[in-house]
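> Contents of run_22.cif (mmCIF, C-alpha atoms and all ligand atoms) are below:
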```
data_start
#
loop_
_atom_site.label_atom_id
_atom_site.label_comp_id
_atom_site.auth_asym_id
_atom_site.auth_seq_id
_atom_site.Cartn_x
_atom_site.Cartn_y
_atom_site.Cartn_z
CA MET A 1 85.21 118.86 131.40
CA HIS A 2 82.18 120.94 130.50
CA VAL A 3 81.27 123.51 127.84
CA GLU A 4 78.57 126.20 127.98
CA LEU A 5 76.04 126.32 125.13
CA THR A 6 74.13 129.22 126.71
CA ASP A 7 74.16 130.71 130.19
CA GLY A 8 71.81 127.92 131.32
CA ILE A 9 72.74 124.89 129.21
CA THR A 10 76.03 123.05 129.59
CA TRP A 11 77.53 120.11 127.73
CA VAL A 12 78.78 117.50 130.20
CA GLY A 13 79.22 114.58 127.78
CA VAL A 14 82.20 112.43 126.92
CA ILE A 15 84.43 111.89 123.88
CA ASP A 16 84.98 108.32 122.69
CA TRP A 17 88.15 108.74 120.63
CA ASN A 18 88.76 105.04 120.09
CA ILE A 19 85.44 103.52 119.04
CA ARG A 20 85.67 102.16 115.50
CA ASP A 21 82.67 99.83 115.41
CA PHE A 22 79.17 100.88 116.42
CA HIS A 23 77.02 97.77 116.00
CA GLY A 24 78.45 97.18 112.53
CA TYR A 25 78.84 100.84 111.56
CA GLU A 26 82.50 101.76 111.08
CA THR A 27 83.04 104.90 113.17
CA ARG A 28 86.29 105.96 111.54
CA ARG A 29 86.41 109.27 113.41
CA GLY A 30 85.24 107.97 116.80
CA SER A 31 82.19 109.47 118.51
CA THR A 32 80.89 111.45 121.46
CA TYR A 33 78.00 110.79 123.84
CA ASN A 34 76.52 114.16 124.61
CA ALA A 35 74.68 114.90 127.83
CA TYR A 36 73.44 118.37 128.76
CA LEU A 37 72.67 120.10 132.04
CA VAL A 38 69.81 122.59 131.84
CA ARG A 39 69.64 124.95 134.79
CA GLY A 40 66.71 126.97 136.10
CA GLU A 41 65.85 127.12 139.78
CA LYS A 42 65.97 123.36 139.37
CA THR A 43 68.42 121.40 137.23
CA ALA A 44 67.83 118.68 134.66
CA LEU A 45 70.36 116.41 133.00
CA VAL A 46 69.26 115.53 129.48
CA ASP A 47 70.51 112.06 128.51
CA THR A 48 73.46 110.17 129.93
CA VAL A 49 76.38 108.35 128.29
CA LYS A 50 77.65 104.85 127.53
CA HIS A 51 78.25 102.93 130.73
CA SER A 52 82.01 102.66 130.25
CA PHE A 53 82.22 106.48 130.59
CA VAL A 54 80.01 106.83 133.66
CA ASN A 55 82.78 108.14 135.92
CA THR A 56 83.67 110.91 133.48
CA LEU A 57 80.02 111.96 133.26
CA LEU A 58 79.70 112.03 137.06
CA GLU A 59 82.91 114.10 137.33
CA ASN A 60 81.63 116.54 134.69
CA ILE A 61 78.34 116.99 136.56
CA GLU A 62 80.13 117.33 139.88
CA GLU A 63 82.45 120.09 138.62
CA THR A 64 79.54 121.96 136.98
CA VAL A 65 76.67 121.99 139.47
CA GLY A 66 77.48 119.22 141.95
CA LEU A 67 75.70 115.87 141.84
CA PRO A 68 73.07 116.65 144.51
CA ALA A 69 71.88 119.66 142.46
CA VAL A 70 70.46 117.45 139.70
CA ASP A 71 66.69 117.20 140.22
CA TYR A 72 65.68 115.47 136.98
CA VAL A 73 67.26 113.19 134.40
CA VAL A 74 65.52 113.26 131.04
CA ALA A 75 65.91 110.09 128.96
CA ASN A 76 65.15 110.86 125.32
CA HIS A 77 66.09 107.36 124.17
CA ALA A 78 66.66 103.99 125.85
CA GLU A 79 69.53 102.73 123.66
CA PRO A 80 72.48 102.00 125.99
CA ASP A 81 74.84 104.56 124.43
CA HIS A 82 72.55 107.16 126.06
CA SER A 83 71.01 105.26 128.96
CA GLY A 84 73.98 103.13 130.08
CA SER A 85 74.87 105.50 132.92
CA LEU A 86 71.29 106.15 133.98
CA PRO A 87 71.23 103.77 136.98
CA ALA A 88 74.46 105.24 138.38
CA VAL A 89 73.39 108.84 137.78
CA LEU A 90 70.00 108.32 139.42
CA GLU A 91 71.68 106.70 142.41
CA ALA A 92 74.34 109.41 142.72
CA THR A 93 71.91 112.31 142.40
CA GLY A 94 68.61 111.01 143.75
CA ALA A 95 67.00 112.66 140.71
CA THR A 96 63.63 111.85 139.17
CA LEU A 97 63.67 110.16 135.78
CA VAL A 98 61.61 112.03 133.17
CA THR A 99 60.72 110.05 130.10
CA ASN A 100 57.82 108.67 128.06
CA GLU A 101 55.86 105.52 128.74
CA LYS A 102 57.41 103.48 125.94
CA ALA A 103 60.89 104.39 127.16
CA VAL A 104 60.03 103.16 130.66
CA GLY A 105 59.19 99.79 129.12
CA ALA A 106 62.49 99.62 127.24
CA LEU A 107 64.55 100.87 130.20
CA SER A 108 62.98 98.32 132.51
CA GLY A 109 64.09 95.68 129.99
CA TYR A 110 67.70 96.82 130.34
CA TYR A 111 67.89 97.81 134.01
CA ASP A 112 66.26 97.05 137.34
CA THR A 113 64.06 100.14 137.58
CA THR A 114 62.41 99.09 140.83
CA GLY A 115 62.12 102.10 143.10
CA TRP A 116 63.16 104.68 140.52
CA PRO A 117 61.17 107.91 140.87
CA ILE A 118 59.70 108.37 137.40
CA GLU A 119 57.67 111.17 135.84
CA ILE A 120 56.00 110.12 132.59
CA VAL A 121 55.75 112.74 129.85
CA ALA A 122 54.31 112.80 126.34
CA THR A 123 54.30 115.16 123.36
CA GLY A 124 53.20 118.62 124.44
CA ASP A 125 54.16 118.20 128.09
CA SER A 126 56.55 120.63 129.75
CA LEU A 127 58.81 120.45 132.75
CA ASP A 128 59.09 123.76 134.59
CA LEU A 129 62.57 124.23 136.00
CA GLY A 130 61.85 127.75 137.29
CA GLY A 131 62.99 130.40 134.81
CA ARG A 132 63.68 127.76 132.23
CA SER A 133 61.55 124.90 130.95
CA LEU A 134 61.79 121.78 128.85
CA SER A 135 59.12 120.58 126.47
CA PHE A 136 58.95 117.17 124.88
CA VAL A 137 58.13 115.89 121.41
CA GLN A 138 57.93 112.14 120.86
CA THR A 139 59.58 111.12 117.60
CA PRO A 140 58.64 107.45 117.26
CA MET A 141 61.01 105.43 115.05
CA VAL A 142 63.58 108.19 114.92
CA HIS A 143 65.00 105.75 115.38
CA TRP A 144 63.40 103.61 118.11
CA PRO A 145 59.73 103.50 119.12
CA GLU A 146 60.36 105.39 122.35
CA SER A 147 62.63 108.11 120.88
CA MET A 148 61.81 111.69 121.77
CA VAL A 149 63.46 115.10 121.65
CA THR A 150 63.57 117.85 124.28
CA TYR A 151 63.26 121.56 123.57
CA CYS A 152 64.20 124.52 125.74
CA PRO A 153 62.06 127.44 124.50
CA GLU A 154 63.83 130.10 126.60
CA ASP A 155 67.15 129.38 124.85
CA ARG A 156 65.63 128.07 121.59
CA VAL A 157 67.80 124.96 121.88
CA LEU A 158 66.64 121.58 120.57
CA LEU A 159 68.22 118.62 122.37
CA SER A 160 67.65 116.22 119.50
CA ASN A 161 69.25 112.99 120.73
CA ASP A 162 70.25 110.79 117.73
CA ALA A 163 68.66 113.04 115.10
CA PHE A 164 71.17 115.41 113.45
CA GLY A 165 74.03 113.52 115.14
CA GLN A 166 77.41 112.55 113.78
CA HIS A 167 79.90 109.96 114.96
CA LEU A 168 82.74 112.45 115.28
CA ALA A 169 85.22 112.54 118.16
CA THR A 170 86.64 116.02 118.48
CA SER A 171 87.68 118.46 121.16
CA ALA A 172 85.45 120.99 119.38
CA ARG A 173 81.85 121.16 120.56
CA PHE A 174 80.32 123.35 117.86
CA ASP A 175 79.84 123.11 114.09
CA ASP A 176 81.83 126.32 113.50
CA GLU A 177 84.86 124.93 115.31
CA VAL A 178 85.36 122.01 112.89
CA GLU A 179 85.68 121.85 109.12
CA LEU A 180 82.08 122.01 107.93
CA PRO A 181 82.53 119.35 105.18
CA VAL A 182 83.74 116.91 107.85
CA ALA A 183 80.69 117.52 110.07
CA MET A 184 78.33 117.30 107.08
CA ASP A 185 80.03 114.14 105.81
CA GLU A 186 79.66 112.48 109.21
CA ALA A 187 76.04 113.67 109.50
CA LYS A 188 75.35 112.08 106.10
CA THR A 189 77.11 108.86 107.08
CA TYR A 190 75.09 108.80 110.31
CA TYR A 191 71.81 109.39 108.50
CA ALA A 192 72.55 106.70 105.90
CA ASN A 193 73.64 104.05 108.37
CA ILE A 194 71.33 104.68 111.32
CA VAL A 195 68.12 106.30 110.15
CA MET A 196 67.79 105.88 106.36
CA LEU A 197 65.12 103.22 106.93
CA TYR A 198 62.98 105.70 108.86
CA GLY A 199 62.51 108.45 106.28
CA ARG A 200 58.76 108.75 106.80
CA PRO A 201 58.91 108.98 110.63
CA ILE A 202 61.72 111.54 110.26
CA ALA A 203 59.57 113.57 107.87
CA LYS A 204 56.77 113.48 110.48
CA ALA A 205 59.18 114.47 113.24
CA MET A 206 60.50 117.38 111.15
CA GLU A 207 56.93 118.49 110.58
CA ALA A 208 56.31 118.38 114.34
CA LEU A 209 59.47 120.40 114.98
CA GLY A 210 58.70 122.81 112.14
CA GLY A 211 56.87 125.25 114.44
CA LEU A 212 59.76 125.59 116.85
CA GLU A 213 62.17 128.50 116.79
CA ILE A 214 65.56 126.86 116.83
CA ASP A 215 68.87 128.68 117.33
CA MET A 216 70.82 125.58 118.23
CA ILE A 217 70.48 121.84 117.64
CA ALA A 218 72.33 119.85 120.27
CA PRO A 219 72.40 116.19 119.27
CA ALA A 220 73.56 113.26 121.39
CA HIS A 221 76.54 112.54 119.10
CA GLY A 222 79.09 114.86 117.55
CA VAL A 223 79.13 118.63 117.29
CA ILE A 224 76.33 121.04 118.20
CA TRP A 225 74.78 122.92 115.29
CA ARG A 226 74.68 126.68 115.99
CA SER A 227 76.12 128.37 112.88
CA HIS A 228 74.79 125.97 110.26
CA VAL A 229 71.32 125.04 111.50
CA PRO A 230 69.63 125.74 108.12
CA LYS A 231 72.28 123.69 106.33
CA ILE A 232 71.74 120.54 108.39
CA LEU A 233 67.94 120.98 108.21
CA ASP A 234 68.14 121.35 104.40
CA ALA A 235 70.35 118.28 104.13
CA TYR A 236 67.88 116.23 106.22
CA SER A 237 65.09 117.49 103.98
CA ASP A 238 66.93 116.21 100.88
CA TRP A 239 67.76 112.87 102.49
CA VAL A 240 64.23 112.34 103.80
CA GLN A 241 62.85 113.01 100.35
CA CYS A 242 65.41 110.64 98.76
CA ARG A 243 66.60 113.21 96.26
CA PRO A 244 69.44 111.59 94.30
CA VAL A 245 72.36 113.26 92.60
CA PRO A 246 73.31 112.09 89.07
CA LYS A 247 75.53 109.36 90.45
CA VAL A 248 75.97 105.68 89.61
CA LEU A 249 77.50 103.22 92.07
CA VAL A 250 79.22 100.05 90.90
CA ILE A 251 79.45 97.73 93.91
CA TYR A 252 80.92 94.26 93.51
CA GLU A 253 83.00 91.34 94.69
CA SER A 254 85.23 89.38 92.34
CA MET A 255 86.84 85.96 92.50
CA TRP A 256 89.41 85.70 89.68
CA GLY A 257 89.12 89.16 88.12
CA SER A 258 86.30 88.63 85.60
CA THR A 259 83.59 90.42 87.60
CA ASP A 260 86.16 93.12 88.39
CA CYS A 261 86.74 93.54 84.62
CA MET A 262 82.97 93.83 84.04
CA ALA A 263 82.72 96.46 86.80
CA HIS A 264 85.40 98.59 85.17
CA GLU A 265 83.68 98.30 81.77
CA ILE A 266 80.39 99.48 83.34
CA VAL A 267 82.29 102.44 84.80
CA LYS A 268 83.60 103.32 81.32
CA GLY A 269 80.02 103.33 80.03
CA VAL A 270 78.82 105.59 82.86
CA ILE A 271 81.65 108.06 82.20
CA ALA A 272 80.80 108.03 78.47
CA GLY A 273 77.16 108.67 79.47
CA GLY A 274 78.12 111.79 81.43
CA ALA A 275 77.07 110.82 84.98
CA GLN A 276 79.18 110.68 88.15
CA VAL A 277 80.37 107.21 89.07
CA LYS A 278 81.98 105.43 92.02
CA LEU A 279 83.42 101.93 91.88
CA MET A 280 83.39 100.09 95.20
CA ASP A 281 84.97 96.66 95.59
CA VAL A 282 83.50 95.30 98.84
CA GLY A 283 86.91 93.83 99.65
CA HIS A 284 88.32 97.35 99.90
CA THR A 285 85.36 99.47 100.98
CA HIS A 286 83.46 99.10 104.24
CA ARG A 287 79.67 98.69 104.08
CA THR A 288 79.32 101.94 106.08
CA GLU A 289 80.82 103.92 103.21
CA ILE A 290 78.80 101.99 100.64
CA ALA A 291 75.52 102.75 102.46
CA THR A 292 76.49 106.43 102.62
CA GLU A 293 77.09 106.54 98.87
CA VAL A 294 73.85 104.64 98.19
CA LEU A 295 71.87 107.33 100.07
CA ASP A 296 72.09 109.83 97.21
CA ALA A 297 72.98 107.60 94.27
CA ALA A 298 70.38 107.46 91.51
CA THR A 299 71.35 104.07 90.10
CA ILE A 300 73.42 101.09 91.20
CA ALA A 301 75.10 98.12 89.55
CA VAL A 302 75.81 95.22 91.89
CA GLY A 303 78.10 92.38 90.86
CA SER A 304 79.05 88.91 92.04
CA PRO A 305 80.39 85.85 90.31
CA THR A 306 78.83 82.48 91.08
CA LEU A 307 80.23 80.72 94.14
CA ASN A 308 78.64 77.42 95.16
CA MET A 309 75.59 78.24 93.02
CA THR A 310 74.95 81.57 94.73
CA LEU A 311 76.55 84.97 95.30
CA MET A 312 79.85 85.64 97.10
CA PRO A 313 79.76 86.12 100.91
CA GLU A 314 81.05 89.70 101.26
CA ILE A 315 78.64 91.13 98.69
CA ALA A 316 75.85 89.08 100.31
CA GLY A 317 76.69 90.81 103.60
CA VAL A 318 76.60 94.25 102.02
CA LEU A 319 73.26 93.51 100.33
CA THR A 320 71.80 92.25 103.62
CA TYR A 321 72.93 95.45 105.32
CA LEU A 322 71.49 97.62 102.54
CA LYS A 323 68.24 95.66 102.48
CA GLY A 324 67.79 96.48 106.17
CA LEU A 325 68.38 100.19 105.53
CA ALA A 326 65.86 100.06 102.65
CA PRO A 327 67.11 102.83 100.33
CA LYS A 328 64.23 104.21 98.29
CA GLY A 329 63.79 105.16 94.65
CA LYS A 330 66.82 103.38 93.19
CA ALA A 331 67.11 101.71 89.80
CA GLY A 332 69.85 99.23 88.95
CA LEU A 333 71.05 95.96 87.56
CA ALA A 334 73.11 92.90 88.49
CA PHE A 335 76.23 91.59 86.83
CA GLY A 336 78.83 88.89 87.29
CA SER A 337 80.85 86.09 85.80
CA TYR A 338 80.38 82.33 86.11
CA GLY A 339 81.93 79.03 85.16
CA TRP A 340 79.03 76.71 84.49
CA ALA A 341 75.90 78.34 86.01
CA PRO A 342 75.06 82.10 86.12
CA SER A 343 73.32 81.69 89.48
CA GLY A 344 75.53 84.28 91.28
CA PRO A 345 74.46 87.30 89.20
CA LYS A 346 70.91 85.92 89.14
CA ALA A 347 70.90 85.79 92.98
CA VAL A 348 72.10 89.43 93.05
CA SER A 349 69.28 90.44 90.71
CA ASP A 350 66.74 88.65 92.94
CA TYR A 351 68.17 90.51 95.92
CA LEU A 352 67.78 93.85 94.14
CA GLU A 353 64.14 93.02 93.45
CA GLU A 354 63.58 92.14 97.11
CA MET A 355 65.10 95.53 97.97
CA LYS A 356 62.53 97.13 95.65
CA VAL A 357 65.23 98.44 93.34
CA GLU A 358 63.79 98.90 89.85
CA VAL A 359 65.77 96.32 87.88
CA LEU A 360 66.55 97.84 84.48
CA ARG A 361 67.56 94.67 82.65
CA GLU A 362 68.35 90.99 83.05
CA PRO A 363 71.70 90.28 84.74
CA LEU A 364 74.82 90.96 82.71
CA THR A 365 76.80 87.72 82.65
CA ALA A 366 80.07 86.48 81.23
CA GLN A 367 81.29 82.88 81.22
CA TRP A 368 84.87 82.43 82.48
CA ARG A 369 86.38 85.67 81.12
CA PRO A 370 84.36 88.50 79.55
CA GLY A 371 85.17 88.75 75.85
CA GLU A 372 84.82 91.90 73.75
CA GLU A 373 81.11 91.22 73.21
CA GLN A 374 80.39 91.04 76.97
CA ARG A 375 82.61 94.03 77.69
CA ALA A 376 80.71 96.08 75.12
CA GLU A 377 77.46 94.95 76.73
CA CYS A 378 78.78 96.16 80.11
CA ARG A 379 79.69 99.56 78.65
CA GLU A 380 76.22 99.80 77.13
CA ALA A 381 74.70 98.98 80.54
CA GLY A 382 76.86 101.71 82.06
CA ARG A 383 75.40 104.19 79.58
CA LEU A 384 71.89 102.98 80.50
CA LEU A 385 72.60 103.55 84.21
CA ALA A 386 74.05 107.00 83.47
CA ALA A 387 71.04 108.02 81.38
CA ARG A 388 68.65 106.98 84.16
CA ALA A 389 70.75 108.77 86.78
CA LEU A 390 70.76 112.01 84.78
CA GLU A 391 67.03 111.72 84.15
CA THR A 392 66.02 111.18 87.79
CA ALA A 393 68.57 113.39 89.61
CA GLY A 394 66.93 115.84 91.99
CA GLU A 395 63.52 114.16 91.84
CA THR A 396 61.72 113.37 95.07
CA ALA A 397 61.57 109.61 95.36
CA CYS A 398 59.79 109.28 98.70
CA ALA A 399 58.24 111.16 101.64
CA SER A 400 57.60 114.75 100.73
CA LEU A 401 57.71 117.39 103.44
FE1 LIG A 501 72.86 107.00 119.81
FE2 LIG A 501 70.06 105.16 119.04
O1 LIG A 501 71.56 105.65 120.03
#
```
Spell out the structure here as structure tokens.


Amino acid sequence: MHVELTDGITWVGVIDWNIRDFHGYETRRGSTYNAYLVRGEKTALVDTVKHSFVNTLLENIEETVGLPAVDYVVANHAEPDHSGSLPAVLEATGATLVTNEKAVGALSGYYDTTGWPIEIVATGDSLDLGGRSLSFVQTPMVHWPESMVTYCPEDRVLLSNDAFGQHLATSARFDDEVELPVAMDEAKTYYANIVMLYGRPIAKAMEALGGLEIDMIAPAHGVIWRSHVPKILDAYSDWVQCRPVPKVLVIYESMWGSTDCMAHEIVKGVIAGGAQVKLMDVGHTHRTEIATEVLDAATIAVGSPTLNMTLMPEIAGVLTYLKGLAPKGKAGLAFGSYGWAPSGPKAVSDYLEEMKVEVLREPLTAQWRPGEEQRAECREAGRLLAARALETAGETACASL
């Protein structure tokens, strides 16, 4: 299977319909691993695919140009979902690997690279294919140190690897062949769960790419942007700058219903305060979805009762995941019930501080069951969260472009 992007660039990737877990990220709609053939007088393959799909990739190349026609394989990124088929492709084609120095280090950690013909490139370098060329821009920490993107100036196509990607398995190859809200939703989920931590490097990368004329962005996952390039660039700009919407998230785990009751009272307060709100019980909502909602939430309330003098395990897992992704510019508070020691909600509050969330008040607590006084306090806290969310919505909370 192959699909033409232009008269010289062809998609020869694979569709992974069944993947549902991508190192902890729930890929509810599957994914694709996109590889592209760029043809001038010589031919380059840009990126490969996950090793389990190597035969499909080789078949796609064979039916398009024939394996011996591939002169170069460009590796934009060493992560195995893009490099897993590299050894087999290099062996089958006899091509020269084109990549940056850092990527060579990472690739030689994964594979035996002895004897591979390698051409090292860096930002500003070009590969002349004869009638078509490829230029390279290193994009360190978007999202690995060796990450780079490849640009074809003759076709104005940016082969962006992970950036602008979506985990979306579909027979469609282009953004105008799928429902746009689905592609944008998956792009947002991808950004939140893979690259949210790297806002500043992404801002730098976008600056570096700012001078390029781009008609098409061809990422390594999901659909190719050709009709909605400004829309995905604008969305990245908002996400990089951590611009929240007036939204409050109430994220919690409950044991016997008391923390659940507090969560619902907080929600009532947010609604009364006029902000958007989402309630997410970690027992029913995967961390992937929670991280996606956190991306553009202005304020968060996080709840856990006390279990064994600390917080509950599922909410601890979600907080660990979020701490790693390091959302910026959030304000929030902790809440939870307890029997004899309020150490669960206190541990949540400590976690929020470690995550550099601005903690708006001491933890809301309720012993055994929340009475009317505690429920009123929760509603009041909901109003506080709503007021802050309305006040800070749309403000730039981090890297400006
Ligand atoms: Fe799609 Fe960072 O690999």

> Residues contacting ligand LIG 501 (chain A) - anything with an atom at most 8 Å away, using only C-alpha atoms and all ligand atoms - can you give me those as an MDAnalysis selection string?

chainID A and resid 33 77:82 143:144 161:162 194 220:221

> So what do you get for atom CA of Asp238 of chain A versus atom CA of Pro153 of chain A, distance-wise?

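Atom CA of Pro153 of chain A lies at a distance of 26.6 Å from atom CA of Asp238 of chain A.
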
> Could the residues of segment 172-215 of chain A that have an atom at most 12 Å from segment 4-18 of chain A be listed as JSON lines, each with its closest atom pair and the distance in Å to one decimal, counting all atoms listed in the file and ordered by chain and ascending residue number?


```
{"residue": "A:Ala172", "atom": "CA", "partner": "A:Ile15", "partner_atom": "CA", "distance": 10.2}
{"residue": "A:Arg173", "atom": "CA", "partner": "A:Trp11", "partner_atom": "CA", "distance": 8.4}
{"residue": "A:Phe174", "atom": "CA", "partner": "A:Leu5", "partner_atom": "CA", "distance": 8.9}
{"residue": "A:Asp215", "atom": "CA", "partner": "A:Thr6", "partner_atom": "CA", "distance": 10.8}
```

> Between A:Leu325, A:Met355, A:Val3, A:Cys152, which is the closest to Ile61 of chain A once you count all atoms listed in the file?

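For Ile61 of chain A, the nearest of the given residues is A:Val3.
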
> Just the residues within 10 Å of segment 177-191 of chain A, please, counting only C-alpha atoms, with nothing from its chain fewer than 5 positions along; format it as number ranges by chain.

A: 25-29, 162-168, 170-172, 196-199, 221-225, 227-228, 231-232, 235-236, 239-240, 288-293, 295-296

> Counting all atoms listed in the file, which residue out of A:Met1, A:Glu391, A:Glu358, A:Phe335 sits closest to Asn55 of chain A?

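Checking each candidate against Asn55 of chain A, we get A:Met1 as the closest.
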
> Select, from A:Pro87, A:Gly130, A:Pro140, A:Gly211, the residue with the minimum atom-to-atom distance to Arg156 of chain A, counting all atoms listed in the file.

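Looking only at the distances to Arg156 of chain A, the closest residue turns out to be A:Gly211.
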